[in-house]
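Listing of model-v5.txt, compact mmCIF, C-alpha atoms
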```
# COMPACT_ATOMS: atom_id res chain seq x y z
CA MET M 1 16.29 27.95 19.15
CA PHE M 2 17.51 26.85 15.72
CA ARG M 3 16.99 29.21 12.81
CA ASP M 4 15.03 26.58 10.88
CA SER M 5 12.59 26.10 13.77
CA LYS M 6 8.94 26.16 12.74
CA PHE M 7 8.05 27.83 16.05
CA LEU M 8 10.57 30.61 15.45
CA TYR M 9 9.25 31.06 11.93
CA LEU M 10 5.73 31.50 13.36
CA TYR M 11 7.00 34.07 15.86
CA GLU M 12 8.66 36.05 13.05
CA LYS M 13 5.42 35.94 11.04
CA LEU M 14 3.47 37.31 14.03
CA SER M 15 6.06 40.03 14.68
CA SER M 16 5.77 41.19 11.07
CA ARG M 17 2.00 41.67 11.55
CA TRP M 18 2.08 43.29 15.01
CA SER M 19 5.01 45.67 15.34
CA SER M 20 4.54 45.96 19.12
CA LEU M 21 5.65 42.35 19.59
CA LYS M 22 9.32 42.97 20.23
CA SER M 23 9.93 41.11 23.46
CA ALA M 24 11.42 37.65 23.63
CA GLY M 25 8.94 36.85 26.41
CA VAL M 26 5.96 36.25 24.14
CA LYS M 27 3.69 33.43 25.27
CA LEU M 28 1.38 31.67 22.80
CA SER M 29 -1.55 29.54 23.94
CA TYR M 30 -4.78 28.14 22.56
CA SER M 31 -7.89 26.64 24.08
CA LEU M 32 -9.52 23.24 23.64
CA PRO M 33 -12.62 21.74 25.25
CA GLY M 34 -11.56 20.66 28.72
CA ASP M 35 -8.19 22.44 28.50
CA PRO M 36 -8.54 26.22 28.20
CA CYS M 37 -4.82 26.97 28.17
CA CYS M 38 -2.63 24.87 25.88
CA LEU M 39 0.79 26.45 25.61
CA ILE M 40 2.77 26.61 22.36
CA GLN M 41 6.40 26.47 23.44
CA ASN M 42 8.16 24.48 20.75
CA ASP M 43 7.80 22.87 17.33
CA GLU M 44 6.05 19.81 18.72
CA ASP M 45 3.33 21.88 20.43
CA LEU M 46 2.82 23.86 17.24
CA GLU M 47 2.46 20.74 15.11
CA ILE M 48 -0.10 19.27 17.55
CA MET M 49 -2.19 22.44 17.34
CA LEU M 50 -2.03 22.51 13.54
CA ASP M 51 -3.14 18.89 13.37
CA MET M 52 -6.07 19.72 15.65
CA MET M 53 -7.05 22.70 13.47
CA PHE M 54 -7.29 20.58 10.33
CA LYS M 55 -9.29 17.75 11.83
CA PRO M 56 -12.93 17.36 10.67
CA GLY M 57 -15.34 19.46 12.73
CA CYS M 58 -12.78 22.04 13.82
CA HIS M 59 -13.53 25.36 12.14
CA GLU M 60 -11.37 27.72 14.18
CA ILE M 61 -8.86 27.66 17.02
CA SER M 62 -8.45 30.85 19.05
CA VAL M 63 -4.85 31.63 19.91
CA SER M 64 -3.87 34.07 22.64
CA ILE M 65 -0.64 36.03 22.37
CA SER M 66 0.64 37.37 25.68
CA ASP M 67 3.64 39.69 25.92
CA CYS M 68 4.99 38.81 29.34
CA GLY M 69 7.87 41.21 28.93
CA SER M 70 5.66 44.28 28.52
CA SER M 71 6.19 47.29 30.81
CA THR M 72 2.49 47.19 31.74
CA SER M 73 1.30 44.91 34.49
CA GLY M 74 -0.20 41.58 33.57
CA SER M 75 -0.26 40.30 30.02
CA THR M 76 -1.57 41.79 26.81
CA THR M 77 -3.73 39.68 24.48
CA TYR M 78 -3.71 40.37 20.74
CA GLY M 79 -6.27 39.64 18.02
CA CYS M 80 -7.14 35.94 18.04
CA SER M 81 -9.01 35.60 14.75
CA ARG M 82 -6.18 37.22 12.81
CA THR M 83 -3.79 34.81 14.49
CA SER M 84 -5.76 31.86 13.15
CA GLU M 85 -5.35 33.27 9.65
CA VAL M 86 -1.61 33.60 10.21
CA LEU M 87 -1.42 29.99 11.41
CA SER M 88 -3.43 28.76 8.44
CA SER M 89 -1.12 30.65 6.12
CA PHE M 90 1.85 29.20 7.94
CA ARG M 91 0.42 25.68 7.65
CA ARG M 92 0.01 26.05 3.88
CA GLU M 93 3.54 27.42 3.44
CA TRP M 94 5.01 24.74 5.68
CA SER M 95 3.22 21.96 3.81
CA PHE M 96 4.47 23.41 0.54
CA ASP M 97 8.03 23.45 1.85
CA VAL M 98 7.75 19.83 2.95
CA ASP M 99 6.42 18.81 -0.47
CA LYS M 100 9.28 20.63 -2.14
CA GLU M 101 11.80 18.82 0.04
CA GLY M 102 10.20 15.49 -0.86
CA ASP M 103 10.55 16.24 -4.58
CA LEU M 104 14.19 17.26 -4.55
CA MET M 105 15.38 13.97 -6.07
CA PRO M 106 14.43 14.81 -9.70
CA SER M 107 16.59 17.94 -9.51
CA PHE M 108 19.63 15.82 -8.68
CA CYS M 109 18.81 12.68 -10.65
CA ASP M 110 16.77 12.94 -13.83
CA HIS M 111 15.27 9.47 -13.54
CA ARG M 112 12.79 8.14 -16.07
CA ASP M 113 11.15 4.76 -16.19
CA THR M 114 12.88 2.75 -18.90
CA VAL M 115 10.75 0.51 -21.12
CA LEU M 116 12.81 -2.46 -22.32
CA LEU M 117 12.49 -3.70 -25.87
CA SER M 118 11.61 -7.09 -24.39
CA ALA M 119 8.33 -5.66 -23.02
CA GLY M 120 6.53 -6.83 -26.17
CA TRP M 121 7.56 -10.43 -25.53
CA ARG M 122 4.87 -10.90 -22.92
CA ASP M 123 2.14 -11.11 -25.59
CA LEU M 124 3.93 -13.46 -27.99
CA ILE M 125 1.99 -16.44 -26.60
CA LYS M 126 -1.64 -15.57 -25.94
CA GLU M 127 -4.31 -18.11 -26.80
CA ILE M 128 -5.37 -21.34 -28.45
CA GLY M 129 -5.64 -20.91 -32.21
CA GLN M 130 -2.86 -18.32 -32.38
CA LYS M 131 -1.08 -18.48 -35.76
CA PHE M 132 2.64 -18.43 -36.56
CA VAL M 133 4.34 -18.47 -39.93
CA GLY M 134 6.01 -21.85 -39.52
CA VAL M 135 7.40 -23.79 -36.60
CA VAL M 136 10.65 -21.75 -36.48
CA GLU M 137 8.76 -18.55 -35.73
CA PHE M 138 6.84 -20.33 -32.99
CA ARG M 139 10.00 -21.63 -31.31
CA GLU M 140 11.53 -18.15 -31.32
CA ALA M 141 8.36 -16.63 -29.87
CA LEU M 142 8.25 -19.32 -27.19
CA SER M 143 11.87 -18.63 -26.20
CA LYS M 144 11.24 -14.88 -25.85
CA PHE M 145 8.02 -15.52 -23.92
CA ALA M 146 9.81 -17.80 -21.43
CA ILE M 147 12.66 -15.29 -20.99
CA TYR M 148 10.23 -12.47 -20.23
CA PHE M 149 8.28 -14.44 -17.62
CA GLY M 150 11.37 -16.07 -16.16
CA PHE M 151 10.59 -19.77 -16.45
CA GLU M 152 12.36 -22.73 -18.02
CA TYR M 153 10.63 -25.34 -20.14
CA ASP M 154 11.45 -28.71 -21.63
CA PHE M 155 10.33 -30.03 -25.01
CA ILE M 156 8.14 -33.11 -24.86
CA LYS M 157 7.93 -33.25 -28.65
CA ASN M 158 9.88 -31.10 -31.07
CA ASP M 159 9.99 -31.84 -34.77
CA LYS M 160 9.16 -30.15 -38.06
CA GLU M 161 5.41 -30.44 -37.57
CA ARG M 162 4.63 -30.70 -33.88
CA VAL M 163 5.96 -28.97 -30.78
CA SER M 164 4.94 -29.74 -27.21
CA ALA M 165 6.55 -28.16 -24.14
CA ALA M 166 5.93 -28.05 -20.40
CA CYS M 167 7.31 -26.01 -17.52
CA ARG M 168 10.45 -27.56 -16.07
CA MET M 169 8.85 -27.50 -12.61
CA LYS M 170 6.02 -29.78 -13.74
CA HIS M 171 7.46 -32.86 -12.07
CA SER M 172 8.67 -31.07 -8.94
CA ASP M 173 6.78 -30.59 -5.69
CA LEU M 174 5.23 -27.44 -7.18
CA ALA M 175 3.65 -29.42 -10.04
CA CYS M 176 3.47 -26.38 -12.30
CA PRO M 177 0.66 -26.91 -14.86
CA TRP M 178 1.99 -24.67 -17.64
CA MET M 179 2.11 -26.45 -20.99
CA ILE M 180 1.72 -25.76 -24.69
CA HIS M 181 1.16 -27.84 -27.79
CA GLY M 182 0.88 -26.89 -31.43
CA ARG M 183 1.22 -28.29 -34.89
CA VAL M 184 1.63 -27.26 -38.52
CA ASP M 185 -1.44 -27.05 -40.71
CA HIS M 186 -0.59 -28.97 -43.91
CA LEU M 187 -2.86 -26.90 -46.13
CA SER M 188 -1.52 -23.45 -45.22
CA GLY M 189 1.89 -24.34 -43.79
CA ASN M 190 1.18 -22.14 -40.75
CA PHE M 191 1.74 -23.27 -37.18
CA TYR M 192 -1.22 -23.10 -34.75
CA ILE M 193 -1.40 -23.44 -30.97
CA ARG M 194 -3.79 -26.31 -30.22
CA GLN M 195 -3.47 -26.60 -26.42
CA LEU M 196 -2.35 -24.02 -23.86
CA THR M 197 -2.41 -23.92 -20.06
CA ASN M 198 -1.03 -20.45 -19.50
CA SER M 199 -0.69 -20.35 -15.71
CA HIS M 200 2.15 -21.11 -13.30
CA THR M 201 2.39 -22.32 -9.72
CA CYS M 202 6.19 -22.11 -9.71
CA GLY M 203 6.27 -18.34 -9.15
CA ALA M 204 7.39 -17.44 -12.67
CA SER M 205 6.27 -13.92 -13.48
CA VAL M 206 9.20 -11.56 -14.10
CA LEU M 207 12.01 -11.14 -16.59
CA LYS M 208 15.12 -13.15 -15.71
CA LEU M 209 18.51 -11.57 -16.25
CA LYS M 210 20.07 -14.89 -17.25
CA HIS M 211 18.15 -17.54 -19.13
CA SER M 212 19.13 -20.70 -20.98
CA ARG M 213 16.82 -19.78 -23.89
CA ALA M 214 18.89 -16.68 -24.65
CA THR M 215 20.87 -18.74 -27.17
CA SER M 216 23.42 -17.52 -29.67
CA SER M 217 20.86 -18.01 -32.45
CA LEU M 218 18.40 -15.71 -30.68
CA VAL M 219 21.18 -13.21 -29.97
CA GLY M 220 22.11 -13.23 -33.66
CA LYS M 221 18.54 -12.43 -34.69
CA LEU M 222 18.31 -9.61 -32.15
CA VAL M 223 21.51 -7.89 -33.27
CA ILE M 224 21.55 -8.60 -37.00
CA GLU M 225 20.48 -5.07 -37.96
CA ASP M 226 23.23 -3.58 -35.79
CA ILE M 227 25.77 -5.90 -37.40
CA ARG M 228 24.63 -4.83 -40.88
CA SER M 229 25.37 -1.19 -40.05
CA GLN M 230 28.41 -1.90 -37.83
CA PRO M 231 30.16 -5.06 -39.06
CA LEU M 232 33.09 -4.50 -36.67
CA LYS M 233 30.95 -4.27 -33.55
CA ARG M 234 32.59 -6.11 -30.66
CA PRO M 235 30.88 -8.95 -28.76
CA VAL M 236 31.41 -7.10 -25.48
CA ASP M 237 29.39 -4.18 -26.86
CA VAL M 238 26.68 -6.56 -28.04
CA ALA M 239 26.42 -8.09 -24.55
CA SER M 240 26.18 -4.60 -23.03
CA ASP M 241 23.46 -3.54 -25.47
CA LEU M 242 21.37 -6.65 -24.80
CA LYS M 243 21.48 -6.01 -21.07
CA ARG M 244 20.62 -2.33 -21.45
CA LEU M 245 17.93 -2.65 -24.13
CA TYR M 246 16.39 -6.07 -23.40
CA GLY M 247 17.30 -6.74 -19.76
CA VAL M 248 19.06 -9.98 -20.71
CA SER M 249 22.58 -10.86 -19.58
CA ILE M 250 24.73 -13.21 -21.69
CA SER M 251 28.32 -14.39 -21.55
CA TYR M 252 31.06 -13.12 -23.85
CA THR M 253 31.21 -16.48 -25.62
CA ARG M 254 27.49 -16.46 -26.38
CA ALA M 255 27.73 -12.85 -27.57
CA TRP M 256 30.63 -13.76 -29.87
CA MET M 257 28.75 -16.72 -31.33
CA GLY M 258 25.67 -14.54 -31.80
CA VAL M 259 27.71 -11.93 -33.67
CA GLU M 260 29.18 -14.60 -35.94
CA LYS M 261 25.73 -15.97 -36.74
CA ALA M 262 24.43 -12.47 -37.40
CA LYS M 263 27.34 -11.83 -39.78
CA ALA M 264 26.63 -15.11 -41.58
CA ASP M 265 22.95 -14.20 -42.02
CA ALA M 266 23.75 -10.63 -43.07
CA PHE M 267 26.79 -11.13 -45.30
CA GLY M 268 26.94 -14.87 -45.99
CA ASP M 269 28.99 -17.69 -44.53
CA TYR M 270 32.78 -17.33 -44.83
CA SER M 271 33.46 -20.93 -45.88
CA THR M 272 30.72 -20.79 -48.52
CA SER M 273 32.12 -17.49 -49.79
CA PHE M 274 35.59 -19.04 -50.22
CA ASP M 275 34.11 -22.01 -52.06
CA ASP M 276 32.34 -19.60 -54.38
CA LEU M 277 35.62 -17.73 -54.87
CA ARG M 278 37.34 -20.89 -56.08
CA TRP M 279 34.41 -21.59 -58.40
CA TRP M 280 34.63 -18.10 -59.88
```
As a first step, turn the structure in this file into structure tokens.
Amino acid sequence: MFRDSKFLYLYEKLSSRWSSLKSAGVKLSYSLPGDPCCLIQNDEDLEIMLDMMFKPGCHEISVSISDCGSSTSGSTTYGCSRTSEVLSSFRREWSFDVDKEGDLMPSFCDHRDTVLLSAGWRDLIKEIGQKFVGVVEFREALSKFAIYFGFEYDFIKNDKERVSAACRMKHSDLACPWMIHGRVDHLSGNFYIRQLTNSHTCGASVLKLKHSRATSSLVGKLVIEDIRSQPLKRPVDVASDLKRLYGVSISYTRAWMGVEKAKADAFGDYSTSFDDLRWW
């Protein structure tokens, strides 16, 4: 019998309550309707009895403890109701131990659910009538929205006043219906969504690690604040940060171009600066 046996643990619990139980020839049994003598000889028998005890309608199971190794003839039966209490106590302790074993992972790996900064991109495109401050803001929002939901789109019309786009799978066998159309209001200068079919049949629903809309211009806008505080930040570090913080993977070349564009927006273009130097 292994030391971690549940049956052996039960025997030790019983021995601690009844000091006269010293023999290794102890026999445990319980009664069920139609089977008055169900032996408990191993862990499997014990688990079956415990499952029976906790089924609806079962209020008590009487367990007989017979010391077959006693010097007296026959077998000696000990208190049955007290034994049920011991078994119930054992069941609670055993369940607690199992729960503890199931929760050991946090003690070895302090895992926490990470919320990516791109989580807010899912609500950038919501409804007809939604307003954007100009067509540039709309295009940026559309790119982030497509990255988050993992679909590609093609422009049907794209100019300074009107933008129309449809899912790239529109003309495939899937015939995805997603589309969007908007235009600039001449009075306010704001851009409004005029048409929107915001559903997919192409299976797009989750963030894609690599996406064609993760352009160097978008990368530059995402990292510009980091570049202001760390002008010497390397493109490889920028690529690593984007993957860790936004869940987007880009190439080294795209990261380098994004850093250069961020530097130009933050500190000014190099060629323009040299032209100004000659003027001064």
Exercise. Between atom CA of M:Glu225 and atom CA of M:Glu140, what is the spacing in Å?
Worked result: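 Answer for the atom CA of M:Glu140 to atom CA of M:Glu225 separation: 17.2 Å.
Take atom CA of M:Tyr153 and atom CA of M:Glu260: the distance between them is 26.6 Å.
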Exercise. Can you tell me, as an MDAnalysis selection string, what residues are no more than 12 Å from M:Phe155 when counting only C-alpha atoms, ignoring any on the same chain fewer than 6 positions away?
Worked result: chainID M and resid 139 142:143 162:168 179:182
For this session: For M:Cys202, list every protein, DNA or RNA residue within 10 Å, evaluated using all atoms listed in the file, and leave out those in the same chain fewer than 2 positions away; present the list as a ChimeraX atom specification.
Result: /M:151,167-170,172-178,199-200,204-205
Exercise. Could you name the residues that touch stretch 124-135 of chain M at 8 Å or less, counting only C-alpha atoms, but leaving out those on the same chain fewer than 4 positions away, as a VMD selection string?
Worked result: chain M and resid 120 139 141 to 142 144 to 145 160 to 163 183 to 184 189 to 196
